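J.: What follows is the file data13.cif, containing mmCIF, C-alpha atoms:
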data_data
#
loop_
_atom_site.label_atom_id
_atom_site.label_comp_id
_atom_site.auth_asym_id
_atom_site.auth_seq_id
_atom_site.Cartn_x
_atom_site.Cartn_y
_atom_site.Cartn_z
CA MET K 147 2.29 26.98 -5.40
CA ASN K 148 1.14 28.71 -8.62
CA PRO K 149 -2.63 28.12 -9.17
CA SER K 150 -2.29 29.07 -12.85
CA LEU K 151 -0.40 25.86 -13.46
CA LEU K 152 -3.57 23.92 -12.62
CA SER K 153 -5.44 25.36 -15.60
CA GLN K 154 -2.80 25.29 -18.30
CA SER K 155 -4.42 22.34 -20.05
CA THR K 156 -8.05 21.38 -20.47
CA GLN K 157 -9.55 18.14 -19.30
CA VAL K 158 -9.13 15.39 -21.87
CA PRO K 159 -11.34 12.28 -21.94
CA ARG K 160 -9.36 9.15 -21.37
CA ASP K 161 -10.06 5.92 -23.14
CA SER K 162 -7.24 3.54 -22.37
CA ALA K 163 -8.63 0.97 -24.82
CA PHE K 164 -7.57 3.19 -27.73
CA LYS K 165 -4.31 4.44 -26.30
CA PRO K 166 -1.06 2.97 -27.60
CA LEU K 167 1.40 1.81 -24.99
CA PRO K 168 3.78 4.63 -24.09
CA ASP K 169 7.41 4.58 -25.14
CA VAL K 170 8.52 6.06 -21.82
CA SER K 171 7.12 5.89 -18.30
CA VAL K 172 8.41 8.54 -15.90
CA VAL K 173 7.99 7.43 -12.27
CA VAL K 174 8.19 10.04 -9.50
CA PRO K 175 7.71 9.22 -5.79
CA ILE K 176 6.05 12.13 -3.98
CA TYR K 177 6.12 12.84 -0.25
CA ASN K 178 5.12 16.28 1.03
CA GLU K 179 6.07 18.13 -2.16
CA VAL K 180 2.94 20.24 -2.69
CA GLU K 181 4.95 23.35 -3.61
CA SER K 182 7.24 21.57 -6.06
CA LEU K 183 4.64 19.31 -7.67
CA PRO K 184 3.07 21.69 -10.27
CA HIS K 185 6.48 22.97 -11.36
CA LEU K 186 7.83 19.41 -11.62
CA ILE K 187 4.97 18.22 -13.82
CA GLU K 188 5.26 21.28 -16.02
CA ALA K 189 9.04 20.80 -16.37
CA ILE K 190 8.65 17.15 -17.38
CA ALA K 191 5.95 18.03 -19.92
CA SER K 192 8.05 20.88 -21.33
CA THR K 193 10.97 18.48 -21.78
CA LEU K 194 9.18 15.48 -23.28
CA ASN K 195 6.43 17.08 -25.39
CA PRO K 196 8.84 18.54 -27.98
CA THR K 197 10.58 15.16 -28.42
CA GLY K 198 7.47 13.57 -29.92
CA MET K 199 7.82 10.56 -27.63
CA ASN K 200 4.65 8.92 -26.39
CA TYR K 201 5.09 9.07 -22.62
CA GLU K 202 3.23 8.75 -19.36
CA LEU K 203 4.02 10.39 -16.03
CA ILE K 204 3.28 8.30 -12.94
CA CYS K 205 3.39 10.24 -9.68
CA VAL K 206 3.09 8.06 -6.58
CA ASP K 207 1.99 9.89 -3.46
CA ASP K 208 3.51 8.13 -0.47
CA GLY K 209 1.11 9.22 2.25
CA SER K 210 1.76 12.96 2.04
CA LYS K 211 0.24 15.16 4.74
CA ASP K 212 0.62 18.57 3.11
CA GLY K 213 -2.06 18.30 0.42
CA SER K 214 0.17 16.75 -2.25
CA ALA K 215 -2.28 13.90 -2.85
CA GLU K 216 -5.25 16.23 -3.37
CA LEU K 217 -3.29 18.46 -5.73
CA LEU K 218 -2.00 15.45 -7.62
CA LYS K 219 -5.52 14.15 -8.18
CA GLN K 220 -6.61 17.54 -9.52
CA LEU K 221 -3.69 17.70 -11.91
CA ALA K 222 -4.30 14.13 -13.10
CA LEU K 223 -7.82 15.09 -14.21
CA THR K 224 -6.55 17.85 -16.50
CA ARG K 225 -3.38 16.32 -17.93
CA PRO K 226 -3.70 13.32 -20.25
CA HIS K 227 -0.16 12.07 -19.65
CA LEU K 228 -0.38 12.10 -15.86
CA ARG K 229 -1.43 9.12 -13.72
CA ALA K 230 -1.76 9.61 -9.98
CA VAL K 231 -1.14 6.62 -7.72
CA ILE K 232 -2.17 7.41 -4.15
CA LEU K 233 -0.87 5.06 -1.46
CA ARG K 234 -2.93 4.54 1.71
CA ARG K 235 -0.13 5.65 4.05
CA ASN K 236 3.57 6.44 4.09
CA TYR K 237 5.38 3.22 3.14
CA GLY K 238 8.77 4.67 2.20
CA GLN K 239 10.50 5.49 -1.06
CA THR K 240 11.20 1.88 -2.02
CA ALA K 241 7.51 0.96 -1.81
CA ALA K 242 6.53 4.10 -3.72
CA MET K 243 8.96 3.26 -6.52
CA ALA K 244 7.74 -0.36 -6.59
CA ALA K 245 4.15 0.91 -6.95
CA GLY K 246 5.23 3.19 -9.79
CA PHE K 247 7.02 0.33 -11.55
CA LYS K 248 3.91 -1.83 -11.15
CA HIS K 249 1.74 0.73 -12.93
CA ALA K 250 4.29 1.66 -15.61
CA ARG K 251 3.49 0.51 -19.13
CA GLY K 252 6.35 1.99 -21.13
CA ARG K 253 9.22 0.14 -22.79
CA THR K 254 11.59 2.52 -20.99
CA ILE K 255 11.18 3.61 -17.38
CA VAL K 256 12.75 6.78 -15.98
CA THR K 257 12.78 7.65 -12.28
CA LEU K 258 13.55 10.94 -10.55
CA ASP K 259 12.83 12.68 -7.26
CA GLY K 260 9.92 15.04 -6.82
CA ASP K 261 11.85 17.88 -5.18
CA LEU K 262 13.13 19.48 -8.43
CA GLN K 263 16.76 18.82 -7.49
CA ASN K 264 16.96 16.36 -10.40
CA ASP K 265 16.59 18.21 -13.70
CA PRO K 266 13.90 16.73 -16.03
CA ALA K 267 15.81 18.25 -18.96
CA ASP K 268 18.35 15.41 -18.55
CA ILE K 269 15.75 12.69 -19.29
CA PRO K 270 16.22 12.63 -23.12
CA MET K 271 19.99 12.32 -22.63
CA LEU K 272 19.57 9.24 -20.42
CA ILE K 273 17.10 7.65 -22.85
CA ALA K 274 19.47 8.25 -25.78
CA LYS K 275 22.29 6.57 -23.83
CA LEU K 276 20.01 3.65 -23.00
CA ASP K 277 19.35 3.19 -26.72
CA GLU K 278 23.07 2.54 -27.25
CA GLY K 279 22.54 -0.95 -25.83
CA TYR K 280 22.51 -0.50 -22.07
CA ASP K 281 19.90 -1.86 -19.68
CA LEU K 282 20.36 0.82 -17.02
CA VAL K 283 21.71 4.35 -17.19
CA THR K 284 22.19 6.00 -13.82
CA GLY K 285 22.72 9.68 -13.17
CA TRP K 286 25.82 11.02 -11.46
CA ARG K 287 25.35 14.26 -9.52
CA LYS K 288 28.90 15.39 -10.22
CA ASN K 289 28.30 18.91 -8.89
CA ARG K 290 25.87 18.10 -6.12
CA GLN K 291 24.14 21.06 -4.47
CA ASP K 292 23.66 19.78 -0.91
CA ALA K 293 25.05 20.43 2.56
CA ALA K 294 28.61 19.15 2.81
CA LEU K 295 28.50 17.69 6.32
CA THR K 296 25.03 16.19 6.54
CA ARG K 297 24.55 15.08 2.92
CA LEU K 298 27.74 15.02 0.84
CA LEU K 299 30.13 13.37 3.30
CA PRO K 300 27.78 10.52 4.36
CA SER K 301 26.90 9.99 0.69
CA LYS K 302 30.54 9.68 -0.35
CA ILE K 303 31.21 7.17 2.44
CA ALA K 304 28.11 5.15 1.59
CA ASN K 305 28.89 5.13 -2.15
CA TRP K 306 32.45 3.97 -1.47
CA LEU K 307 31.22 1.12 0.76
CA ILE K 308 28.63 0.03 -1.78
CA ARG K 309 31.19 0.01 -4.61
CA GLN K 310 33.64 -2.07 -2.57
CA ILE K 311 31.08 -4.65 -1.45
CA THR K 312 28.96 -4.99 -4.60
CA GLY K 313 31.72 -4.56 -7.17
CA VAL K 314 29.45 -2.25 -9.21
CA HIS K 315 31.49 0.91 -9.78
CA VAL K 316 28.86 3.63 -9.88
CA HIS K 317 29.79 7.02 -8.45
CA ASP K 318 26.37 8.02 -7.16
CA TYR K 319 24.03 5.28 -5.96
CA GLY K 320 21.75 7.84 -4.31
CA CYS K 321 20.83 9.68 -7.51
CA SER K 322 17.20 8.89 -8.29
CA LEU K 323 17.48 10.03 -11.91
CA LYS K 324 17.88 6.74 -13.78
CA ALA K 325 16.62 5.13 -16.99
CA TYR K 326 15.79 1.42 -17.23
CA ARG K 327 14.58 -1.05 -19.76
CA ALA K 328 11.16 -2.29 -18.69
CA GLU K 329 12.17 -5.95 -18.91
CA LEU K 330 14.93 -5.30 -16.37
CA ILE K 331 12.45 -3.82 -13.89
CA ALA K 332 10.18 -6.83 -14.39
CA ASP K 333 12.97 -9.09 -13.08
CA MET K 334 13.56 -7.09 -9.88
CA ASN K 335 11.47 -7.15 -6.72
CA LEU K 336 11.96 -4.31 -4.23
CA TYR K 337 11.60 -4.74 -0.49
CA GLY K 338 12.69 -2.84 2.60
CA GLU K 339 14.78 0.14 1.44
CA LEU K 340 16.56 -1.44 -1.50
CA HIS K 341 15.81 1.43 -3.90
CA ARG K 342 19.31 2.75 -3.13
CA PHE K 343 20.83 -0.43 -4.54
CA LEU K 344 19.00 -0.66 -7.85
CA PRO K 345 22.26 -0.69 -9.88
CA ALA K 346 23.56 -3.54 -7.70
CA LEU K 347 20.27 -5.45 -8.03
CA ALA K 348 20.37 -4.86 -11.79
CA PHE K 349 23.93 -6.17 -11.89
CA ILE K 350 22.77 -9.36 -10.16
CA GLU K 351 20.23 -9.74 -12.98
CA GLY K 352 23.03 -9.41 -15.55
CA ALA K 353 22.27 -5.86 -16.68
CA ARG K 354 24.61 -3.69 -18.72
CA ILE K 355 25.08 -0.52 -16.67
CA THR K 356 26.59 2.88 -17.34
CA GLU K 357 26.35 6.35 -15.82
CA LEU K 358 26.16 9.92 -17.06
CA PRO K 359 26.83 13.20 -15.25
CA VAL K 360 23.55 15.02 -14.68
CA ARG K 361 22.59 18.43 -13.36
CA HIS K 362 21.65 18.91 -9.73
CA HIS K 363 19.92 21.92 -8.23
CA ALA K 364 19.57 23.22 -4.70
CA ARG K 365 16.21 22.50 -3.13
CA ARG K 366 13.80 25.39 -3.75
CA HIS K 367 10.77 24.24 -1.77
CA GLY K 368 10.21 22.23 1.40
CA SER K 369 12.88 20.39 3.35
CA SER K 370 14.94 17.28 2.80
CA LYS K 371 13.47 13.94 3.91
CA TYR K 372 16.89 12.41 4.51
CA GLY K 373 19.28 12.62 7.44
CA LEU K 374 22.39 11.02 8.85
CA GLY K 375 20.32 8.05 10.06
CA ARG K 376 20.04 6.67 6.54
CA THR K 377 23.79 5.94 6.51
CA PHE K 378 23.29 3.22 9.11
CA ARG K 379 20.39 1.73 7.13
CA VAL K 380 22.60 1.66 4.05
CA VAL K 381 25.26 -0.32 5.92
CA LEU K 382 22.68 -2.84 7.14
CA ASP K 383 21.13 -3.22 3.67
CA LEU K 384 24.58 -3.88 2.24
CA PHE K 385 24.65 -7.26 3.99
CA THR K 386 21.45 -8.21 2.16
CA ILE K 387 22.82 -7.11 -1.20
CA TYR K 388 26.12 -8.92 -0.67
CA PHE K 389 24.34 -12.15 0.25
CA MET K 390 21.99 -11.85 -2.74
CA LYS K 391 24.91 -11.28 -5.08
CA LYS K 392 27.04 -14.14 -3.79
CA PHE K 393 24.75 -16.80 -2.40
CA LEU K 394 21.14 -16.22 -3.49
CA THR K 395 20.98 -19.51 -5.41
CA ARG K 396 23.41 -21.44 -3.19
CA PRO K 397 22.95 -20.51 0.49
CA MET K 398 24.48 -23.82 1.62
CA HIS K 399 27.82 -22.62 0.28
CA VAL K 400 28.05 -19.93 2.93
CA PHE K 401 26.26 -21.60 5.83
CA GLY K 402 27.82 -24.99 5.05
CA LEU K 403 31.33 -23.53 4.92
CA LEU K 404 30.87 -21.77 8.25
CA GLY K 405 29.33 -24.96 9.66
CA ILE K 406 32.35 -27.01 8.57
CA ILE K 407 34.77 -24.52 10.14
CA SER K 408 32.80 -24.41 13.39
CA THR K 409 32.32 -28.18 13.59
CA ALA K 410 35.95 -28.93 12.73
CA SER K 411 37.12 -26.45 15.37
CA GLY K 412 34.86 -28.05 17.97
CA ILE K 413 36.04 -31.55 17.11
CA GLY K 414 39.68 -30.42 17.21
CA LEU K 415 39.25 -28.93 20.67
CA GLY K 416 37.39 -32.05 21.79
CA VAL K 417 40.22 -34.32 20.63
CA TYR K 418 42.77 -32.09 22.38
CA LEU K 419 40.83 -32.16 25.64
CA THR K 420 40.34 -35.93 25.37
CA ILE K 421 44.10 -36.44 25.02
CA LEU K 422 44.69 -34.27 28.10
CA LYS K 423 42.12 -36.27 30.08
CA LEU K 424 42.98 -39.81 29.02
CA GLY K 425 46.66 -39.42 28.19
CA PHE K 426 47.83 -37.11 30.94
CA GLY K 427 45.09 -37.48 33.54
CA GLN K 428 44.40 -33.78 33.70
CA ASN K 429 41.09 -32.41 34.90
CA ILE K 430 39.21 -30.73 32.04
CA GLY K 431 35.83 -30.19 33.71
CA ASN K 432 36.58 -26.62 34.71
CA ARG K 433 38.36 -25.57 31.50
CA PRO K 434 36.74 -22.87 29.31
CA LEU K 435 37.94 -24.81 26.25
CA LEU K 436 35.42 -27.55 27.04
CA ILE K 437 32.54 -25.08 26.89
CA LEU K 438 33.97 -23.57 23.71
CA ALA K 439 34.23 -27.02 22.07
CA VAL K 440 30.57 -27.78 22.87
CA VAL K 441 29.42 -24.36 21.61
CA LEU K 442 31.38 -24.76 18.35
CA LEU K 443 29.89 -28.21 17.73
CA LEU K 444 26.34 -27.01 18.35
CA THR K 445 26.92 -23.90 16.25
CA GLY K 446 28.22 -26.02 13.37
CA ILE K 447 25.11 -28.19 13.45
CA GLN K 448 22.87 -25.12 13.50
CA LEU K 449 24.70 -23.56 10.56
CA PHE K 450 24.21 -26.72 8.53
CA CYS K 451 20.50 -26.59 9.39
CA PHE K 452 20.35 -22.93 8.32
CA GLY K 453 21.98 -23.89 5.03
CA LEU K 454 19.40 -26.62 4.38
CA LEU K 455 16.54 -24.27 5.24
CA GLY K 456 18.07 -21.62 2.97
CA GLU K 457 18.23 -24.13 0.10
CA LEU K 458 14.57 -25.02 0.59
CA LEU K 459 13.54 -21.36 0.78
CA MET K 460 15.57 -20.55 -2.32
CA ARG K 461 13.83 -23.29 -4.28
CA THR K 462 10.44 -22.11 -3.01
CA TYR K 463 11.30 -18.53 -4.00
CA HIS K 464 12.24 -19.44 -7.56
CA GLU K 465 9.76 -22.22 -8.25
CA SER K 466 6.67 -20.58 -6.73
CA GLN K 467 7.16 -17.50 -8.92
CA GLY K 468 8.41 -19.37 -11.95
CA ARG K 469 11.66 -17.40 -11.73
CA PRO K 470 14.58 -19.08 -13.52
CA ILE K 471 18.04 -18.96 -11.98
CA TYR K 472 19.39 -17.43 -15.21
CA ARG K 473 18.51 -14.53 -17.52
CA VAL K 474 18.58 -14.80 -21.32
CA ARG K 475 19.69 -11.63 -23.08
CA GLU K 476 18.85 -12.80 -26.60
CA VAL K 477 18.50 -15.89 -28.78
CA VAL K 478 20.00 -15.85 -32.28
CA GLU K 479 19.25 -18.52 -34.85
CA SER K 480 18.94 -18.98 -38.58
CA ASN K 481 15.45 -19.20 -40.06
CA VAL K 482 16.50 -21.33 -43.05
CA THR K 483 16.60 -24.66 -41.25
CA GLU K 484 13.99 -27.09 -42.55
CA TYR K 485 12.62 -29.95 -40.52
CA LYS K 486 11.35 -33.06 -42.22
CA GLU K 487 8.90 -35.52 -40.82
CA GLY K 488 10.75 -38.22 -38.94
CA ASP K 489 13.76 -36.02 -38.08
#
Do you think you could lay out the structure here as structure tokens?

T.:
Amino acid sequence: MNPSLLSQSTQVPRDSAFKPLPDVSVVVPIYNEVESLPHLIEAIASTLNPTGMNYELICVDDGSKDGSAELLKQLALTRPHLRAVILRRNYGQTAAMAAGFKHARGRTIVTLDGDLQNDPADIPMLIAKLDEGYDLVTGWRKNRQDAALTRLLPSKIANWLIRQITGVHVHDYGCSLKAYRAELIADMNLYGELHRFLPALAFIEGARITELPVRHHARRHGSSKYGLGRTFRVVLDLFTIYFMKKFLTRPMHVFGLLGIISTASGIGLGVYLTILKLGFGQNIGNRPLLILAVVLLLTGIQLFCFGLLGELLMRTYHESQGRPIYRVREVVESNVTEYKEGD
């Protein structure tokens, strides 16, 4: 860590009442990045200051244990653009990003990792692409500088699975360097570890998505926080994303269909066994098909009940938050229409 970076700017009084809302909010989750943190903040400032954009930098410390939180608080006191959000403990990257989104005030939100592997110099390029009419621009680490076996191979498998299941053809879901419109972020709630699936969640909200190749550097400080175990979590989270994409507003369509198949199969087996018993006098009490018929009937009833509960929960989810089941991109009308009294 270079102590001189702490004193490169003087303390500036902050009066948020007189500050205009920023054009861009840069959100960076931080976890045990004390060595990278000063260089990261300096790199972001060096990139955005010459552009003339009014920006804010929101660094969210996710329960770091290496002094990152203390350093971040010191830097926030001397840099007018920096806001430090310190979480009480380590909640995970999804929670850290959600906290950053909550505190962001800009019309455009940019996210990137705090390990300096994402290059802040790519931020203006993503913002310019966003201004072409997109709602989300995601980075693509085309020449990724990571270990082939433990990082690249699992990532390629996970990205392929996500593309096949979600239908959103993005090369690199794991790249944290992304640019969003603020209104898109306002429509998305993050839970669990869904930060990996932000393009898929944005697609569910009707977003226009594109990607750009971005630079990627080898890690210079610290160690990676990811391992092979995240591949299994990705596979499990995919079921959630698939269900949200297909059946979020109509859960009865999936549970009801499965219930019909199960119930019909149980009834069919029951009729078959009844014919054997009454028509041919065969003993069916010790047949496995009898148990299977009963299980299928009970399973069908349970699936119907799950569908009804899902419908009720879906309505509670949307109505309690005032969330419509649609998203309006824009409304166009003529302003020359005149209304007369009595019309």

J.: Work out how far apart CA of Thr409 (chain K) and CA of Leu454 (chain K) are and give it in Å to one decimal.

T.: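 Calculated distance between CA of Thr409 (chain K) and CA of Leu454 (chain K) is 15.9 Å.
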
J.: Could you give me the centre and size, in Å to one decimal, of an axis-aligned box around all listed atoms of region 310-315 of chain K with 6 Å added on every side, as AutoDock Vina command-line options?

T.:
--center_x 31.3 --center_y -2.0 --center_z -5.6 --size_x 16.7 --size_y 17.9 --size_z 20.3

J.: At a cut-off of 6 Å, using all atoms listed in the file, what residues contact Ala267 (chain K)? Leave out same-chain residues fewer than 2 positions from it and give the result as number ranges by chain.

T.: K: 193, 265, 269

J.: I'd like to see the residues matched by the PyMOL selection byres ((chain K and resi 359) around 10) on this file, and ideally I'd get them as a ChimeraX atom specification.

T.: /K:268,272,284-289,317-318,357-358,360-362

J.: For the structure provided, state which residues fall under the PyMOL selection byres ((chain K and resi 393) around 12), and present them as a list in words.

T.: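 That selection, the PyMOL selection byres ((chain K and resi 393) around 12), comes back as Ile350, Phe385, Thr386, Ile387, Tyr388, Phe389, Met390, Lys391, Lys392, Leu394, Thr395, Arg396, Pro397, Met398, His399, Val400, Phe401, Gly402, Leu403, Gly453, Gly456, Glu457, Met460 and Ile471 of chain K.
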
J.: What does the structure give for the distance between CA of Arg366 (chain K) and CA of Asn305 (chain K), in Å to one decimal?

T.: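 These two atoms are separated by 25.3 Å.
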
J.: Please report as JSON lines every residue of region 441-461 of chain K lying within 10 Å of region 413-435 of chain K, along with the nearest atom pair and their distance in Å (one decimal), using all atoms listed in the file.

T.:
{"residue": "K:Val441", "atom": "CA", "partner": "K:Leu435", "partner_atom": "CA", "distance": 9.7}
{"residue": "K:Leu442", "atom": "CA", "partner": "K:Ile413", "partner_atom": "CA", "distance": 8.3}
{"residue": "K:Leu443", "atom": "CA", "partner": "K:Ile413", "partner_atom": "CA", "distance": 7.0}

J.: Report, in Å with one decimal, the straight-line distance from CA of His315 (chain K) to CA of Ala293 (chain K).

T.: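 Distance reported for this atom pair: 24.0 Å.
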
J.: Using only C-alpha atoms, pick whichever of K:Pro345, K:Gly238, K:Gly213, K:Gly412 has the shortest atom-to-atom distance to Gly313 (chain K).

T.: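 Answer, going by the shortest atom-to-atom distance: K:Pro345.
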
J.: Run the PyMOL selection byres ((chain K and resi 249-260) around 6) mentally over the shown coordinates, then write out the matched residues as an NGL selection string, using the chain letters and numbers from the document.

T.: :K and (168-174 or 176 or 246-248 or 261-262 or 322-328)

J.: Select, from K:Ala274, K:Leu228, K:Asp333, K:Ile355, the residue with the minimum atom-to-atom distance to Val314 (chain K), counting only C-alpha atoms.

T.: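 Checking each candidate against Val314 (chain K), we get K:Ile355 as the closest.
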
J.: Which one is closest to Tyr337 (chain K): K:Ser411, K:Glu351, K:Gln239, K:Pro226? Count all atoms listed in the file.

T.: K:Gln239

J.: Taking all atoms listed in the file into account, name the residue in K:Ile447, K:Val474, K:Ile204, K:Ile407 that is nearest to Leu221 (chain K).

T.: K:Ile204

J.: Determine, counting all atoms listed in the file, which protein, DNA and RNA residues have an atom within 12 Å of an atom of Leu218 (chain K); residues of the same chain fewer than 6 positions away are not included. Present the result as a ChimeraX atom specification.

T.: /K:152,174-187,203-208,210,212,224-225,228-232,260
